[in-house]
Amino acid sequence: MNYKRFILLSDYQTNCYLLWDEKSGESLLIDPADQSKEIKDFIEVKKLNLKYIVNTHGHGDHIGGNRYFKELYPEAKIAIHSEDANFLLEPRLNLSQYFEVQIVSPSAELILEDGMEIQLGDQAIKVIHTPGHTKGGISLYTAPYLFSGDTLFAESVGRTDFPGGSFTTLSDSIKNKLFTLPEETEVFPGHGDFSTISEEKKFNPYVGEV
Ligand SMILES: [Zn+2]
Ligand SMILES: [Zn+2]
């Protein structure tokens with residue numbers, strides 16, 4: 001699997017990732033936080049076929065570009081976990097109610113659940129339900145890469161003080177579902193620097209040393 005990171009929204013520095021399968025040209029966009037000509041140009045230069053727009057969870061700083069990309073690529077399906085699907089349509093839930101422009105995304109067309117696989121060509125991306133930051137938070141795994149949304153950051157974890165958040169749940173998700181992945185797994189979070197599972201097990205002050 002190929003990937004490229006784009007950093008969107010100067011206030012939030014959201015990591016948005018474009019994944020693609022070289023052979024088929026099929027691609028998937030994770031967390032388009034905003035409209036982005038840079039991403040659009042990249043998709044066009046590489047002649048990729050954007051099949052999915054996947055939100056790791058429903059917060060405004062991860063879904064703000066859904067509408068822009070859906071309008072550009074109507075065939076691409078918006079995908080999100082069932083527990084966060086209504087965030088797409090509700091500024092109160094996606095926390096954009098106090099943004100300058102409230103975010104209302106087109107609705108979900110593919111509801112994700114734990115263990116589902118999304119195919120790009122003959123490569124699979126596995127959905128891992130990792131609640132805690134929100135109830136419907138997911139991580140996406142395609143060895144050796146893990147896209148961890150706002151669940152796990154380099155030496156940090158997502159906030160749990162928003163509606164639906166729970167530190168106990170978040171910590172269980174990380175320990176039971178992410179720290180069981182191979183040590184060398186590369187972690188690509190929703191904000192900030194990259195890491196690996198082994199680094200996080202050793203150095204993450206919130207959930208390390210397990
Ligand atoms: Zn969030
Ligand atoms: Zn975020």
# chains A, B, ... in the order shown; residues from 1 in each chain; ligands from 1

call {"tool": "residues_around", "arguments": {"residues": "Phe87 of chain A", "least_positions_apart": "5", "cutoff": "6 Å", "atoms": "only C-alpha atoms", "output": "list of chain:residue names"}}
result
A:Gly58, A:Leu93, A:Asn94

call {"tool": "residues_around", "arguments": {"residues": "segment 120-129 of chain A", "least_positions_apart": "6", "cutoff": "12 Å", "atoms": "only C-alpha atoms", "output": "VMD selection string"}}
result
chain A and resid 1 to 2 18 to 30 48 to 52 54 to 57 79 to 84 111 to 114 135 to 149 151 169 to 170 172 to 174 176 to 178 180 to 181

call {"tool": "residues_around", "arguments": {"residues": "segment 188-196 of chain A", "least_positions_apart": "5", "cutoff": "9 Å", "atoms": "only C-alpha atoms", "output": "ChimeraX atom specification"}}
result
/A:5,7,12-17,31,56,62,145-155,183,201

call {"tool": "write_last_selection", "arguments": {"atoms": "N, CA and C atoms", "output": "CSV table (one decimal), in the first residue's frame"}}
result
chain,number,residue,atom,x,y,z
A,5,ARG,N,0.9,11.7,3.3
A,5,ARG,CA,0.3,12.6,4.3
A,5,ARG,C,0.2,14.0,3.8
A,7,ILE,N,-1.1,17.8,5.6
A,7,ILE,CA,-1.5,18.5,6.8
A,7,ILE,C,-2.4,19.6,6.5
A,12,TYR,N,-5.6,23.3,13.5
A,12,TYR,CA,-5.7,21.9,14.1
A,12,TYR,C,-4.6,21.0,13.6
A,13,GLN,N,-3.9,21.4,12.5
A,13,GLN,CA,-2.8,20.5,12.0
A,13,GLN,C,-3.3,19.1,11.9
A,14,THR,N,-4.4,18.9,11.2
A,14,THR,CA,-4.9,17.5,11.0
A,14,THR,C,-4.1,16.8,10.0
A,15,ASN,N,-3.7,15.5,10.3
A,15,ASN,CA,-3.1,14.7,9.3
A,15,ASN,C,-4.2,14.0,8.5
A,16,CYS,N,-4.1,14.2,7.2
A,16,CYS,CA,-5.0,13.6,6.3
A,16,CYS,C,-4.2,12.7,5.4
A,17,TYR,N,-4.6,11.4,5.2
A,17,TYR,CA,-3.8,10.5,4.5
A,17,TYR,C,-4.5,10.0,3.2
A,31,ASP,N,-9.8,11.1,6.6
A,31,ASP,CA,-9.9,12.4,7.3
A,31,ASP,C,-9.6,13.6,6.5
A,56,THR,N,-12.0,8.7,10.6
A,56,THR,CA,-11.7,7.9,11.7
A,56,THR,C,-12.6,8.2,12.9
A,62,HIS,N,-11.9,16.6,11.3
A,62,HIS,CA,-11.6,15.4,10.4
A,62,HIS,C,-12.5,15.2,9.3
A,145,TYR,N,1.2,-0.6,8.4
A,145,TYR,CA,0.7,0.8,8.8
A,145,TYR,C,-0.6,0.8,9.6
A,146,LEU,N,-0.6,1.6,10.6
A,146,LEU,CA,-1.8,1.9,11.4
A,146,LEU,C,-2.2,3.3,11.4
A,147,PHE,N,-3.4,3.6,11.0
A,147,PHE,CA,-3.9,5.0,11.0
A,147,PHE,C,-4.8,5.1,12.2
A,148,SER,N,-4.3,5.9,13.2
A,148,SER,CA,-4.9,5.8,14.5
A,148,SER,C,-5.8,6.9,14.9
A,149,GLY,N,-6.1,7.8,13.9
A,149,GLY,CA,-7.1,8.9,14.2
A,149,GLY,C,-6.7,9.7,15.5
A,150,ASP,N,-7.7,10.0,16.3
A,150,ASP,CA,-7.4,10.7,17.6
A,150,ASP,C,-7.4,9.7,18.7
A,151,THR,N,-7.2,8.4,18.4
A,151,THR,CA,-7.1,7.4,19.5
A,151,THR,C,-5.7,7.5,20.1
A,152,LEU,N,-4.7,7.2,19.3
A,152,LEU,CA,-3.3,7.1,19.8
A,152,LEU,C,-2.4,8.1,19.0
A,153,PHE,N,-1.7,9.0,19.7
A,153,PHE,CA,-0.7,9.9,19.2
A,153,PHE,C,0.7,9.5,19.6
A,154,ALA,N,1.7,10.1,19.0
A,154,ALA,CA,3.1,9.8,19.4
A,154,ALA,C,3.2,10.4,20.9
A,155,GLU,N,3.4,9.4,21.8
A,155,GLU,CA,3.5,9.7,23.2
A,155,GLU,C,2.4,10.5,23.8
A,183,GLU,N,5.0,-5.2,16.8
A,183,GLU,CA,5.9,-4.2,17.3
A,183,GLU,C,6.3,-3.1,16.3
A,201,LYS,N,4.5,1.5,23.2
A,201,LYS,CA,4.4,0.7,24.4
A,201,LYS,C,5.5,1.1,25.4

call {"tool": "closest_residue", "arguments": {"among": "A:Thr134, A:Thr185, A:Ser166, A:Asn204", "to": "ligand 2", "atoms": "only C-alpha atoms and all ligand atoms"}}
result
A:Thr134

call {"tool": "residues_around", "arguments": {"residues": "Asp34 of chain A", "least_positions_apart": "3", "cutoff": "7 Å", "atoms": "only C-alpha atoms", "output": "MDAnalysis selection string"}}
result
chainID A and resid 8:9 64:65

call {"tool": "write_last_selection", "arguments": {"atoms": "N, CA and C atoms", "output": "short mmCIF file (atom, residue, chain, number, x, y, z; two decimals), in the first residue's frame"}}
result
data_model
loop_
_atom_site.label_atom_id
_atom_site.label_comp_id
_atom_site.auth_asym_id
_atom_site.auth_seq_id
_atom_site.Cartn_x
_atom_site.Cartn_y
_atom_site.Cartn_z
N LEU A 8 -3.65 19.49 7.05
CA LEU A 8 -4.70 20.46 6.73
C LEU A 8 -5.15 21.22 7.98
N LEU A 9 -5.75 22.37 7.78
CA LEU A 9 -6.26 23.25 8.84
C LEU A 9 -5.14 23.77 9.74
N GLY A 64 -14.30 18.05 7.67
CA GLY A 64 -14.65 19.31 7.01
C GLY A 64 -14.49 19.31 5.50
N GLY A 65 -13.70 18.37 4.96
CA GLY A 65 -13.51 18.32 3.50
C GLY A 65 -14.36 17.25 2.82
#

call {"tool": "atom_distance", "arguments": {"atom1": "atom CA of Gln119 of chain A", "atom2": "atom CA of Val104 of chain A"}}
result
27.1 Å

call {"tool": "select_by_dssp", "arguments": {"residues": "segment 119-203 of chain A", "states": "helix (DSSP H, G or I)", "output": "MDAnalysis selection string"}}
result
chainID A and resid 167:178 197:203

call {"tool": "write_last_selection", "arguments": {"atoms": "N, CA and C atoms", "output": "PDB file, in the first residue's frame"}}
result
ATOM      1  N   PHE A 167     -11.866   7.836  29.259  1.00  0.00           N
ATOM      2  CA  PHE A 167     -10.450   7.450  29.305  1.00  0.00           C
ATOM      3  C   PHE A 167     -10.277   5.945  29.494  1.00  0.00           C
ATOM      4  N   THR A 168     -11.114   5.346  30.318  1.00  0.00           N
ATOM      5  CA  THR A 168     -11.014   3.894  30.533  1.00  0.00           C
ATOM      6  C   THR A 168     -11.221   3.143  29.213  1.00  0.00           C
ATOM      7  N   THR A 169     -12.237   3.570  28.472  1.00  0.00           N
ATOM      8  CA  THR A 169     -12.518   2.924  27.187  1.00  0.00           C
ATOM      9  C   THR A 169     -11.373   3.145  26.211  1.00  0.00           C
ATOM     10  N   LEU A 170     -10.843   4.365  26.199  1.00  0.00           N
ATOM     11  CA  LEU A 170      -9.747   4.688  25.282  1.00  0.00           C
ATOM     12  C   LEU A 170      -8.514   3.835  25.599  1.00  0.00           C
ATOM     13  N   SER A 171      -8.218   3.752  26.869  1.00  0.00           N
ATOM     14  CA  SER A 171      -7.063   2.998  27.304  1.00  0.00           C
ATOM     15  C   SER A 171      -7.232   1.497  26.981  1.00  0.00           C
ATOM     16  N   ASP A 172      -8.443   0.971  27.166  1.00  0.00           N
ATOM     17  CA  ASP A 172      -8.718  -0.423  26.788  1.00  0.00           C
ATOM     18  C   ASP A 172      -8.547  -0.623  25.276  1.00  0.00           C
ATOM     19  N   SER A 173      -9.043   0.321  24.494  1.00  0.00           N
ATOM     20  CA  SER A 173      -8.917   0.206  23.031  1.00  0.00           C
ATOM     21  C   SER A 173      -7.445   0.119  22.645  1.00  0.00           C
ATOM     22  N   ILE A 174      -6.628   0.990  23.229  1.00  0.00           N
ATOM     23  CA  ILE A 174      -5.216   1.037  22.868  1.00  0.00           C
ATOM     24  C   ILE A 174      -4.498  -0.229  23.323  1.00  0.00           C
ATOM     25  N   LYS A 175      -4.721  -0.612  24.570  1.00  0.00           N
ATOM     26  CA  LYS A 175      -3.996  -1.778  25.088  1.00  0.00           C
ATOM     27  C   LYS A 175      -4.444  -3.079  24.439  1.00  0.00           C
ATOM     28  N   ASN A 176      -5.757  -3.233  24.266  1.00  0.00           N
ATOM     29  CA  ASN A 176      -6.266  -4.526  23.794  1.00  0.00           C
ATOM     30  C   ASN A 176      -6.315  -4.662  22.285  1.00  0.00           C
ATOM     31  N   LYS A 177      -6.411  -3.534  21.596  1.00  0.00           N
ATOM     32  CA  LYS A 177      -6.604  -3.645  20.147  1.00  0.00           C
ATOM     33  C   LYS A 177      -5.426  -3.111  19.338  1.00  0.00           C
ATOM     34  N   LEU A 178      -4.699  -2.127  19.861  1.00  0.00           N
ATOM     35  CA  LEU A 178      -3.592  -1.565  19.087  1.00  0.00           C
ATOM     36  C   LEU A 178      -2.248  -2.135  19.548  1.00  0.00           C
ATOM     37  N   ILE A 197       4.350   1.065  17.166  1.00  0.00           N
ATOM     38  CA  ILE A 197       3.716   0.400  18.316  1.00  0.00           C
ATOM     39  C   ILE A 197       4.749   0.142  19.409  1.00  0.00           C
ATOM     40  N   SER A 198       5.945  -0.285  19.035  1.00  0.00           N
ATOM     41  CA  SER A 198       6.929  -0.580  20.078  1.00  0.00           C
ATOM     42  C   SER A 198       7.351   0.675  20.843  1.00  0.00           C
ATOM     43  N   GLU A 199       7.514   1.800  20.131  1.00  0.00           N
ATOM     44  CA  GLU A 199       7.834   3.072  20.814  1.00  0.00           C
ATOM     45  C   GLU A 199       6.727   3.457  21.793  1.00  0.00           C
ATOM     46  N   GLU A 200       5.494   3.316  21.340  1.00  0.00           N
ATOM     47  CA  GLU A 200       4.372   3.728  22.193  1.00  0.00           C
ATOM     48  C   GLU A 200       4.235   2.832  23.419  1.00  0.00           C
ATOM     49  N   LYS A 201       4.483   1.546  23.237  1.00  0.00           N
ATOM     50  CA  LYS A 201       4.426   0.654  24.396  1.00  0.00           C
ATOM     51  C   LYS A 201       5.466   1.077  25.425  1.00  0.00           C
ATOM     52  N   LYS A 202       6.621   1.511  24.931  1.00  0.00           N
ATOM     53  CA  LYS A 202       7.705   1.886  25.858  1.00  0.00           C
ATOM     54  C   LYS A 202       7.516   3.279  26.437  1.00  0.00           C
ATOM     55  N   PHE A 203       7.126   4.234  25.599  1.00  0.00           N
ATOM     56  CA  PHE A 203       7.223   5.640  26.006  1.00  0.00           C
ATOM     57  C   PHE A 203       5.920   6.377  26.185  1.00  0.00           C
TER      58      PHE A 203
END

call {"tool": "atom_distance", "arguments": {"atom1": "atom CA of Gln35 of chain A", "atom2": "atom CA of Phe69 of chain A"}}
result
7.2 Å

call {"tool": "atom_distance", "arguments": {"atom1": "atom CA of Pro131 of chain A", "atom2": "atom CA of Gly158 of chain A"}}
result
10.4 Å

call {"tool": "closest_residue", "arguments": {"among": "A:Pro205, A:Arg92, A:Ser36, A:Ala85", "to": "Pro106 of chain A", "atoms": "only C-alpha atoms"}}
result
A:Ala85

call {"tool": "select_by_dssp", "arguments": {"residues": "chain A", "states": "strand (DSSP E or B)", "output": "MDAnalysis selection string"}}
result
chainID A and resid 2:8 14:20 26:30 49:54 77:81 110:112 117:120 123:129 138:142 145:149 152:153 156:157 186:189 191 195:196

call {"tool": "closest_residue", "arguments": {"among": "A:Lys70, A:His133, A:Lys4, A:Lys77", "to": "ligand 1", "atoms": "only C-alpha atoms and all ligand atoms"}}
result
A:His133
